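Asker: Sharing coords20.cif below, mmCIF, C-alpha atoms:
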```cif
data_query
#
loop_
_atom_site.group_PDB
_atom_site.id
_atom_site.type_symbol
_atom_site.label_atom_id
_atom_site.label_comp_id
_atom_site.auth_asym_id
_atom_site.auth_seq_id
_atom_site.Cartn_x
_atom_site.Cartn_y
_atom_site.Cartn_z
ATOM 1 C CA MET T 1 38.968 16.189 3.497
ATOM 2 C CA SER T 2 37.030 19.454 3.197
ATOM 3 C CA PRO T 3 38.791 22.527 1.791
ATOM 4 C CA LYS T 4 40.023 24.929 4.463
ATOM 5 C CA ARG T 5 41.312 28.448 4.974
ATOM 6 C CA ILE T 6 45.071 28.956 5.226
ATOM 7 C CA GLN T 7 46.782 32.024 6.646
ATOM 8 C CA ARG T 8 49.330 33.268 4.151
ATOM 9 C CA GLN T 9 52.751 33.854 5.718
ATOM 10 C CA ARG T 10 55.674 36.155 5.043
ATOM 11 C CA THR T 11 57.972 33.933 7.096
ATOM 12 C CA ARG T 12 61.160 33.033 5.282
ATOM 13 C CA GLY T 13 60.937 29.547 3.852
ATOM 14 C CA TRP T 14 57.142 29.361 4.001
ATOM 15 C CA LYS T 15 55.555 27.947 0.859
ATOM 16 C CA ALA T 16 51.944 27.956 -0.149
ATOM 17 C CA PRO T 17 50.403 24.472 -0.198
ATOM 18 C CA ALA T 18 49.917 22.944 -3.605
ATOM 19 C CA GLU T 19 46.534 23.685 -5.190
ATOM 20 C CA ALA T 20 45.748 26.416 -2.628
ATOM 21 C CA VAL T 21 44.303 29.607 -4.147
ATOM 22 C CA TYR T 22 45.062 33.109 -2.881
ATOM 23 C CA VAL T 23 41.841 35.109 -2.380
ATOM 24 C CA GLY T 24 43.167 38.182 -0.567
ATOM 25 C CA ARG T 25 43.371 41.760 -1.735
ATOM 26 C CA GLY T 26 44.877 42.022 -5.196
ATOM 27 C CA SER T 27 42.945 38.991 -6.439
ATOM 28 C CA ILE T 28 39.466 39.113 -7.955
ATOM 29 C CA TYR T 29 38.187 37.537 -4.727
ATOM 30 C CA GLY T 30 39.640 40.150 -2.360
ATOM 31 C CA ASN T 31 37.379 41.765 0.218
ATOM 32 C CA PRO T 32 36.637 45.401 -0.756
ATOM 33 C CA TRP T 33 36.609 46.267 2.961
ATOM 34 C CA ARG T 34 39.965 46.551 4.731
ATOM 35 C CA VAL T 35 40.360 46.141 8.488
ATOM 36 C CA ASP T 36 42.201 49.050 10.119
ATOM 37 C CA PRO T 37 40.924 50.026 13.594
ATOM 38 C CA ALA T 38 43.078 53.167 13.657
ATOM 39 C CA ALA T 39 41.720 54.508 10.365
ATOM 40 C CA ALA T 40 38.070 53.406 10.624
ATOM 41 C CA PRO T 41 35.467 54.470 9.914
ATOM 42 C CA GLN T 42 36.223 55.542 6.369
ATOM 43 C CA PRO T 43 34.885 54.373 3.015
ATOM 44 C CA GLY T 44 36.200 50.860 2.475
ATOM 45 C CA ILE T 45 37.768 50.667 5.946
ATOM 46 C CA VAL T 46 36.222 49.030 9.018
ATOM 47 C CA ALA T 47 37.371 48.434 12.559
ATOM 48 C CA THR T 48 36.862 44.677 12.907
ATOM 49 C CA HIS T 49 37.118 41.465 10.926
ATOM 50 C CA GLU T 50 33.506 40.736 11.848
ATOM 51 C CA GLU T 51 32.336 43.928 10.123
ATOM 52 C CA ALA T 52 34.440 43.195 7.053
ATOM 53 C CA VAL T 53 33.019 39.681 6.685
ATOM 54 C CA ALA T 54 29.426 40.858 7.200
ATOM 55 C CA LEU T 55 29.787 43.595 4.571
ATOM 56 C CA PHE T 56 31.478 41.196 2.139
ATOM 57 C CA THR T 57 28.661 38.668 2.541
ATOM 58 C CA LYS T 58 26.030 41.337 1.906
ATOM 59 C CA TRP T 59 27.998 42.636 -1.099
ATOM 60 C CA LEU T 60 28.123 39.154 -2.654
ATOM 61 C CA ARG T 61 24.372 38.819 -2.358
ATOM 62 C CA SER T 62 23.143 42.281 -3.260
ATOM 63 C CA THR T 63 25.415 43.811 -5.937
ATOM 64 C CA PRO T 64 26.207 42.837 -9.532
ATOM 65 C CA ASP T 65 29.957 42.923 -8.856
ATOM 66 C CA GLY T 66 29.563 40.760 -5.768
ATOM 67 C CA GLN T 67 27.329 38.286 -7.558
ATOM 68 C CA ALA T 68 29.919 38.016 -10.335
ATOM 69 C CA VAL T 69 32.607 37.192 -7.757
ATOM 70 C CA ALA T 70 30.335 34.579 -6.160
ATOM 71 C CA HIS T 71 29.796 33.037 -9.599
ATOM 72 C CA GLN T 72 33.552 32.842 -10.190
ATOM 73 C CA ALA T 73 34.034 31.296 -6.733
ATOM 74 C CA ARG T 74 31.512 28.551 -7.480
ATOM 75 C CA LYS T 75 33.145 27.942 -10.851
ATOM 76 C CA HIS T 76 36.846 28.011 -9.927
ATOM 77 C CA LEU T 77 37.374 27.595 -6.171
ATOM 78 C CA ALA T 78 35.547 24.323 -5.479
ATOM 79 C CA GLY T 79 37.793 21.778 -3.818
ATOM 80 C CA HIS T 80 40.655 24.221 -3.218
ATOM 81 C CA ASP T 81 42.096 25.460 0.069
ATOM 82 C CA LEU T 82 41.892 29.269 0.172
ATOM 83 C CA MET T 83 44.639 31.607 1.379
ATOM 84 C CA CYS T 84 44.338 35.063 2.899
ATOM 85 C CA TRP T 85 46.405 37.227 5.261
ATOM 86 C CA CYS T 86 43.735 37.292 7.996
ATOM 87 C CA PRO T 87 44.852 35.779 11.331
ATOM 88 C CA SER T 88 43.610 32.227 11.780
ATOM 89 C CA ASN T 89 41.750 33.208 14.970
ATOM 90 C CA LYS T 90 39.704 35.919 13.214
ATOM 91 C CA PRO T 91 36.764 35.677 10.810
ATOM 92 C CA CYS T 92 37.758 36.051 7.163
ATOM 93 C CA HIS T 93 35.953 36.533 3.873
ATOM 94 C CA ALA T 94 37.696 33.350 2.701
ATOM 95 C CA ASP T 95 35.367 31.416 5.017
ATOM 96 C CA VAL T 96 32.411 32.813 3.065
ATOM 97 C CA LEU T 97 34.024 31.887 -0.247
ATOM 98 C CA LEU T 98 34.675 28.357 1.002
ATOM 99 C CA THR T 99 30.960 27.943 1.762
ATOM 100 C CA ILE T 100 29.945 29.328 -1.640
ATOM 101 C CA ALA T 101 32.432 27.184 -3.543
ATOM 102 C CA ASN T 102 31.658 23.995 -1.630
ATOM 103 C CA PRO T 103 27.906 24.074 -0.889
ATOM 104 C CA GLN T 104 27.727 20.301 -0.588
ATOM 105 C CA ALA T 105 29.773 20.515 2.626
ATOM 106 C CA ALA T 106 27.146 22.581 4.428
ATOM 107 C CA LYS T 107 23.941 22.563 2.363
ATOM 108 C CA SER T 108 22.308 19.740 4.270
ATOM 109 C CA ALA T 109 23.923 20.626 7.592
ATOM 110 C CA VAL T 110 21.765 23.621 8.466
ATOM 111 C CA HIS T 111 18.886 22.534 10.659
ATOM 112 C CA VAL T 112 16.219 25.162 11.306
ATOM 113 C CA VAL T 113 12.827 24.085 12.624
ATOM 114 C CA ASN T 114 9.549 25.457 13.832
ATOM 115 C CA ALA T 115 9.059 24.718 17.516
ATOM 116 C CA VAL T 116 6.536 25.343 20.267
ATOM 117 C CA ARG T 117 7.172 25.729 23.967
ATOM 118 C CA ARG T 118 4.836 23.661 26.065
ATOM 119 C CA GLU T 119 1.542 25.598 26.121
ATOM 120 C CA ASP T 120 3.100 28.705 24.549
ATOM 121 C CA ALA T 121 3.520 30.581 21.258
ATOM 122 C CA ASP T 122 5.479 29.617 18.162
ATOM 123 C CA TYR T 123 9.284 29.742 18.079
ATOM 124 C CA THR T 124 12.071 29.054 15.579
ATOM 125 C CA ALA T 125 15.118 26.994 16.538
ATOM 126 C CA PHE T 126 18.533 27.176 14.827
ATOM 127 C CA PHE T 127 20.788 24.185 15.530
ATOM 128 C CA VAL T 128 24.442 25.251 15.581
ATOM 129 C CA THR T 129 26.929 22.557 14.537
ATOM 130 C CA GLU T 130 30.505 22.469 13.248
ATOM 131 C CA ALA T 131 29.098 21.748 9.788
ATOM 132 C CA SER T 132 26.409 24.447 9.767
ATOM 133 C CA ILE T 133 27.907 27.400 11.630
ATOM 134 C CA GLN T 134 29.447 29.171 8.624
ATOM 135 C CA GLU T 135 26.333 28.762 6.470
ATOM 136 C CA LEU T 136 24.121 30.020 9.293
ATOM 137 C CA ALA T 137 26.273 33.160 9.451
ATOM 138 C CA GLU T 138 26.014 33.631 5.684
ATOM 139 C CA LYS T 139 22.303 32.871 5.336
ATOM 140 C CA TYR T 140 21.206 34.858 8.394
ATOM 141 C CA TYR T 141 23.880 37.564 8.248
ATOM 142 C CA GLN T 142 21.463 40.238 9.514
ATOM 143 C CA SER T 143 21.102 38.315 12.778
ATOM 144 C CA PHE T 144 24.273 36.253 13.288
ATOM 145 C CA THR T 145 27.940 37.178 12.884
ATOM 146 C CA LEU T 146 30.676 34.566 12.561
ATOM 147 C CA ASN T 147 33.573 34.938 15.002
ATOM 148 C CA ARG T 148 36.554 32.829 15.962
ATOM 149 C CA ASP T 149 38.631 32.561 19.115
ATOM 150 C CA GLN T 150 41.030 30.041 20.645
ATOM 151 C CA HIS T 151 38.113 27.632 21.153
ATOM 152 C CA GLY T 152 36.927 27.759 17.541
ATOM 153 C CA TYR T 153 34.068 29.370 15.637
ATOM 154 C CA TYR T 154 31.007 30.868 17.320
ATOM 155 C CA LEU T 155 28.061 33.079 16.368
ATOM 156 C CA SER T 156 27.434 36.493 17.899
ATOM 157 C CA LEU T 157 23.735 37.330 17.997
ATOM 158 C CA GLY T 158 22.606 40.801 16.987
ATOM 159 C CA HIS T 159 24.612 43.839 18.010
ATOM 160 C CA ASN T 160 26.021 44.183 21.517
ATOM 161 C CA THR T 161 23.588 41.645 22.965
ATOM 162 C CA GLY T 162 26.331 39.641 24.644
ATOM 163 C CA LEU T 163 24.739 36.451 23.322
ATOM 164 C CA ALA T 164 26.890 33.847 21.576
ATOM 165 C CA ALA T 165 26.281 30.323 20.300
ATOM 166 C CA ARG T 166 28.840 27.604 19.672
ATOM 167 C CA PRO T 167 28.533 24.214 17.981
ATOM 168 C CA GLY T 168 26.240 22.067 20.110
ATOM 169 C CA ASP T 169 24.024 25.018 21.068
ATOM 170 C CA VAL T 170 20.520 25.822 19.877
ATOM 171 C CA ILE T 171 19.416 29.405 19.173
ATOM 172 C CA VAL T 172 15.715 29.809 19.880
ATOM 173 C CA GLU T 173 14.022 32.858 18.353
ATOM 174 C CA GLY T 174 10.829 33.887 20.103
ATOM 175 C CA PRO T 175 7.531 35.119 18.650
ATOM 176 C CA HIS T 176 8.783 38.728 18.624
ATOM 177 C CA GLY T 177 11.384 37.851 15.981
ATOM 178 C CA TRP T 178 14.756 39.596 15.625
ATOM 179 C CA GLY T 179 16.438 40.078 18.990
ATOM 180 C CA ASP T 180 14.063 37.784 20.880
ATOM 181 C CA TRP T 181 16.697 35.083 21.311
ATOM 182 C CA GLU T 182 17.727 32.487 23.835
ATOM 183 C CA VAL T 183 20.765 30.202 23.609
ATOM 184 C CA MET T 184 20.627 26.744 25.177
ATOM 185 C CA THR T 185 21.985 23.228 24.918
ATOM 186 C CA THR T 186 20.201 20.591 22.881
ATOM 187 C CA ASP T 187 19.163 18.845 26.119
ATOM 188 C CA GLU T 188 17.588 22.065 27.396
ATOM 189 C CA TYR T 189 15.836 22.509 24.051
ATOM 190 C CA ASP T 190 14.443 18.974 24.144
ATOM 191 C CA ALA T 191 13.156 19.538 27.680
ATOM 192 C CA GLN T 192 11.396 22.836 26.911
ATOM 193 C CA TYR T 193 10.331 22.650 23.269
ATOM 194 C CA GLU T 194 8.685 20.364 20.789
ATOM 195 C CA THR T 195 9.760 20.419 17.124
ATOM 196 C CA VAL T 196 6.713 20.687 14.877
ATOM 197 C CA GLY T 197 8.370 20.714 11.452
ATOM 198 C CA ASP T 198 11.176 22.196 9.386
ATOM 199 C CA ALA T 199 11.081 25.967 8.957
ATOM 200 C CA GLN T 200 10.560 27.328 5.457
#
```
In structure tokens, how does this file's structure come out?
Answerer:
Amino acid sequence: MSPKRIQRQRTRGWKAPAEAVYVGRGSIYGNPWRVDPAAAPQPGIVATHEEAVALFTKWLRSTPDGQAVAHQARKHLAGHDLMCWCPSNKPCHADVLLTIANPQAAKSAVHVVNAVRREDADYTAFFVTEASIQELAEKYYQSFTLNRDQHGYYLSLGHNTGLAARPGDVIVEGPHGWGDWEVMTTDEYDAQYETVGDAQ
């Protein structure tokens, strides 16, 4: 069974599962950005969980401190459930840490290909699945943001585009690049496009 995120509880009698690791604020894995809609924007404070996760992901990739945390996650968090206070229906930095610590669970799941529309220009297709959705959000964080609602995880595309993709969908990026997106089912993709090879 793959490691998962657990919402830490203050409910009387609640006990943390055995082997679960707390990664919230106060631990070395805590997100430097706190979610507080009433106080944002301020340094270190943002309005939404989506913003906090996006900034955390970028921080892990682009700063020495973040890279050190990612190294510790790979070294010590593999195979463990991770606990944070974030609501279970909201994105959380623990999801990013789970992907970093357990790359084998998603490494081969991401499927991105070069495609052509019949008699048209080149396109890129991103296949969204339950196994790949979190890694897509991490790898392409400038384009896709991981969200969660009562139906499960989904990707928001860009900023205020209104476009979203859920597992089973295909995101097709047109020849104009960022923002030139279309979301469709795999059947619609197969009817309109031809895969011509894996994207680099």
Asker: So, counting all atoms listed in the file, which residue among T:Ala125, T:His151, T:Ala47, T:Gly162 is closest to Gln192 in chain T?
Answerer: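 Counting all atoms listed in the file, the residue closest to Gln192 in chain T is T:Ala125.
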Asker: Excluding same-chain residues fewer than 2 positions from Glu182 in chain T, what lies within 8 Å of it counting all atoms listed in the file, as an NGL selection string?
Answerer: :T and (171-174 or 180 or 184)
Asker: Take the PyMOL selection byres ((chain T and resi 136) around 12), run it mentally on this structure, and tell me the resulting residues as JSON, numbers by chain.
Answerer: {"T": [57, 96, 99, 106, 107, 108, 109, 110, 111, 112, 125, 126, 127, 128, 129, 130, 131, 132, 133, 134, 135, 137, 138, 139, 140, 141, 142, 143, 144, 145, 146, 153, 154, 155, 156, 157, 165, 166, 167, 170, 171]}
Asker: Please produce an output containing C-alpha atoms for each residue in the selection, written as a PDB file, in the frame of the given file.
Answerer:
```
ATOM      1  CA  THR T  57      28.661  38.668   2.541  1.00  0.00           C
ATOM      2  CA  VAL T  96      32.411  32.813   3.065  1.00  0.00           C
ATOM      3  CA  THR T  99      30.960  27.943   1.762  1.00  0.00           C
ATOM      4  CA  ALA T 106      27.146  22.581   4.428  1.00  0.00           C
ATOM      5  CA  LYS T 107      23.941  22.563   2.363  1.00  0.00           C
ATOM      6  CA  SER T 108      22.308  19.740   4.270  1.00  0.00           C
ATOM      7  CA  ALA T 109      23.923  20.626   7.592  1.00  0.00           C
ATOM      8  CA  VAL T 110      21.765  23.621   8.466  1.00  0.00           C
ATOM      9  CA  HIS T 111      18.886  22.534  10.659  1.00  0.00           C
ATOM     10  CA  VAL T 112      16.219  25.162  11.306  1.00  0.00           C
ATOM     11  CA  ALA T 125      15.118  26.994  16.538  1.00  0.00           C
ATOM     12  CA  PHE T 126      18.533  27.176  14.827  1.00  0.00           C
ATOM     13  CA  PHE T 127      20.788  24.185  15.530  1.00  0.00           C
ATOM     14  CA  VAL T 128      24.442  25.251  15.581  1.00  0.00           C
ATOM     15  CA  THR T 129      26.929  22.557  14.537  1.00  0.00           C
ATOM     16  CA  GLU T 130      30.505  22.469  13.248  1.00  0.00           C
ATOM     17  CA  ALA T 131      29.098  21.748   9.788  1.00  0.00           C
ATOM     18  CA  SER T 132      26.409  24.447   9.767  1.00  0.00           C
ATOM     19  CA  ILE T 133      27.907  27.400  11.630  1.00  0.00           C
ATOM     20  CA  GLN T 134      29.447  29.171   8.624  1.00  0.00           C
ATOM     21  CA  GLU T 135      26.333  28.762   6.470  1.00  0.00           C
ATOM     22  CA  ALA T 137      26.273  33.160   9.451  1.00  0.00           C
ATOM     23  CA  GLU T 138      26.014  33.631   5.684  1.00  0.00           C
ATOM     24  CA  LYS T 139      22.303  32.871   5.336  1.00  0.00           C
ATOM     25  CA  TYR T 140      21.206  34.858   8.394  1.00  0.00           C
ATOM     26  CA  TYR T 141      23.880  37.564   8.248  1.00  0.00           C
ATOM     27  CA  GLN T 142      21.463  40.238   9.514  1.00  0.00           C
ATOM     28  CA  SER T 143      21.102  38.315  12.778  1.00  0.00           C
ATOM     29  CA  PHE T 144      24.273  36.253  13.288  1.00  0.00           C
ATOM     30  CA  THR T 145      27.940  37.178  12.884  1.00  0.00           C
ATOM     31  CA  LEU T 146      30.676  34.566  12.561  1.00  0.00           C
ATOM     32  CA  TYR T 153      34.068  29.370  15.637  1.00  0.00           C
ATOM     33  CA  TYR T 154      31.007  30.868  17.320  1.00  0.00           C
ATOM     34  CA  LEU T 155      28.061  33.079  16.368  1.00  0.00           C
ATOM     35  CA  SER T 156      27.434  36.493  17.899  1.00  0.00           C
ATOM     36  CA  LEU T 157      23.735  37.330  17.997  1.00  0.00           C
ATOM     37  CA  ALA T 165      26.281  30.323  20.300  1.00  0.00           C
ATOM     38  CA  ARG T 166      28.840  27.604  19.672  1.00  0.00           C
ATOM     39  CA  PRO T 167      28.533  24.214  17.981  1.00  0.00           C
ATOM     40  CA  VAL T 170      20.520  25.822  19.877  1.00  0.00           C
ATOM     41  CA  ILE T 171      19.416  29.405  19.173  1.00  0.00           C
TER      42      ILE T 171
END
```
Asker: Which residue, T:Tyr193, T:Phe56, T:Trp33, T:Tyr22, has the smallest gap to Val69 in chain T when you use all atoms listed in the file?
Answerer: T:Phe56
Asker: Go through the shown structure with the PyMOL selection byres ((chain T and resi 34) around 10) and write out the matching residues as a VMD selection string.
Answerer: chain T and resid 25 30 to 33 35 to 37 39 to 40 42 to 49 51 to 53
Asker: Those selected residues, please, written with C-alpha atoms and delivered as a PDB file, in the coordinates of the input.
Answerer:
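Listing of out_11.pdb after writing:
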```pdb
ATOM      1  CA  ARG T  25      43.371  41.760  -1.735  1.00  0.00           C
ATOM      2  CA  GLY T  30      39.640  40.150  -2.360  1.00  0.00           C
ATOM      3  CA  ASN T  31      37.379  41.765   0.218  1.00  0.00           C
ATOM      4  CA  PRO T  32      36.637  45.401  -0.756  1.00  0.00           C
ATOM      5  CA  TRP T  33      36.609  46.267   2.961  1.00  0.00           C
ATOM      6  CA  VAL T  35      40.360  46.141   8.488  1.00  0.00           C
ATOM      7  CA  ASP T  36      42.201  49.050  10.119  1.00  0.00           C
ATOM      8  CA  PRO T  37      40.924  50.026  13.594  1.00  0.00           C
ATOM      9  CA  ALA T  39      41.720  54.508  10.365  1.00  0.00           C
ATOM     10  CA  ALA T  40      38.070  53.406  10.624  1.00  0.00           C
ATOM     11  CA  GLN T  42      36.223  55.542   6.369  1.00  0.00           C
ATOM     12  CA  PRO T  43      34.885  54.373   3.015  1.00  0.00           C
ATOM     13  CA  GLY T  44      36.200  50.860   2.475  1.00  0.00           C
ATOM     14  CA  ILE T  45      37.768  50.667   5.946  1.00  0.00           C
ATOM     15  CA  VAL T  46      36.222  49.030   9.018  1.00  0.00           C
ATOM     16  CA  ALA T  47      37.371  48.434  12.559  1.00  0.00           C
ATOM     17  CA  THR T  48      36.862  44.677  12.907  1.00  0.00           C
ATOM     18  CA  HIS T  49      37.118  41.465  10.926  1.00  0.00           C
ATOM     19  CA  GLU T  51      32.336  43.928  10.123  1.00  0.00           C
ATOM     20  CA  ALA T  52      34.440  43.195   7.053  1.00  0.00           C
ATOM     21  CA  VAL T  53      33.019  39.681   6.685  1.00  0.00           C
TER      22      VAL T  53
END
```
Asker: Could you tell me how far CA of Leu60 in chain T sits from CA of Arg74 in chain T, in Å to one decimal place?
Answerer: 12.1 Å
Asker: Which centre and edge lengths in Å to one decimal define the box along x, y and z that fits every listed atom of range 122-141 of chain T plus 8 Å per side, as lines of an AutoDock Vina configuration file?
Answerer:
```
center_x = 18.0
center_y = 29.7
center_z = 11.7
size_x = 41.0
size_y = 31.8
size_z = 28.8
```
Asker: Could you tell me how far CA of Thr195 in chain T lies from CA of Pro103 in chain T, in Å and to one decimal?
Answerer: 25.8 Å
Asker: Find the residue from T:Gly66, T:Pro41, T:Gly158, T:Gly152 that sits nearest to Asn89 in chain T; use all atoms listed in the file when measuring.
Answerer: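 Of all the options, T:Gly152 lies closest to Asn89 in chain T.
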Asker: Measure the distance from CA of Ala199 in chain T to CA of Gly177 in chain T in Å and round it to one decimal.
Answerer: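 Atom-to-atom, CA of Ala199 in chain T to CA of Gly177 in chain T, that is 13.8 Å.
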Asker: Would you mind telling me which residue in T:Thr186, T:Asp169, T:Thr161, T:Gln7 lies nearest to Gly24 in chain T when using all atoms listed in the file?
Answerer: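 Smallest separation from Gly24 in chain T among the options: T:Gln7.
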Asker: Which residue is closest to Arg148 in chain T? Choose from T:Met83, T:Glu50, T:Thr185, T:Gly179 and count all atoms listed in the file.
Answerer: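 Of all the options, T:Glu50 lies closest to Arg148 in chain T.
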Asker: From the list T:Arg10, T:Arg5, T:His159, T:Lys75, which residue is nearest Pro91 in chain T when using all atoms listed in the file?
Answerer: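 Using all atoms listed in the file, the shortest distance to Pro91 in chain T belongs to T:Arg5.
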Asker: Could you spell out the hits of the PyMOL selection byres ((chain T and resi 76) around 12) on the shown file, as a list in words?
Answerer: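 Those residues are Glu19, Ala20, Val21, Tyr22, Val23, Ile28, Tyr29, Val69, Ala70, His71, Gln72, Ala73, Arg74, Lys75, Leu77, Ala78, Gly79, His80, Asp81, Leu82, Leu97, Leu98, Ile100, Ala101 and Asn102 of chain T.
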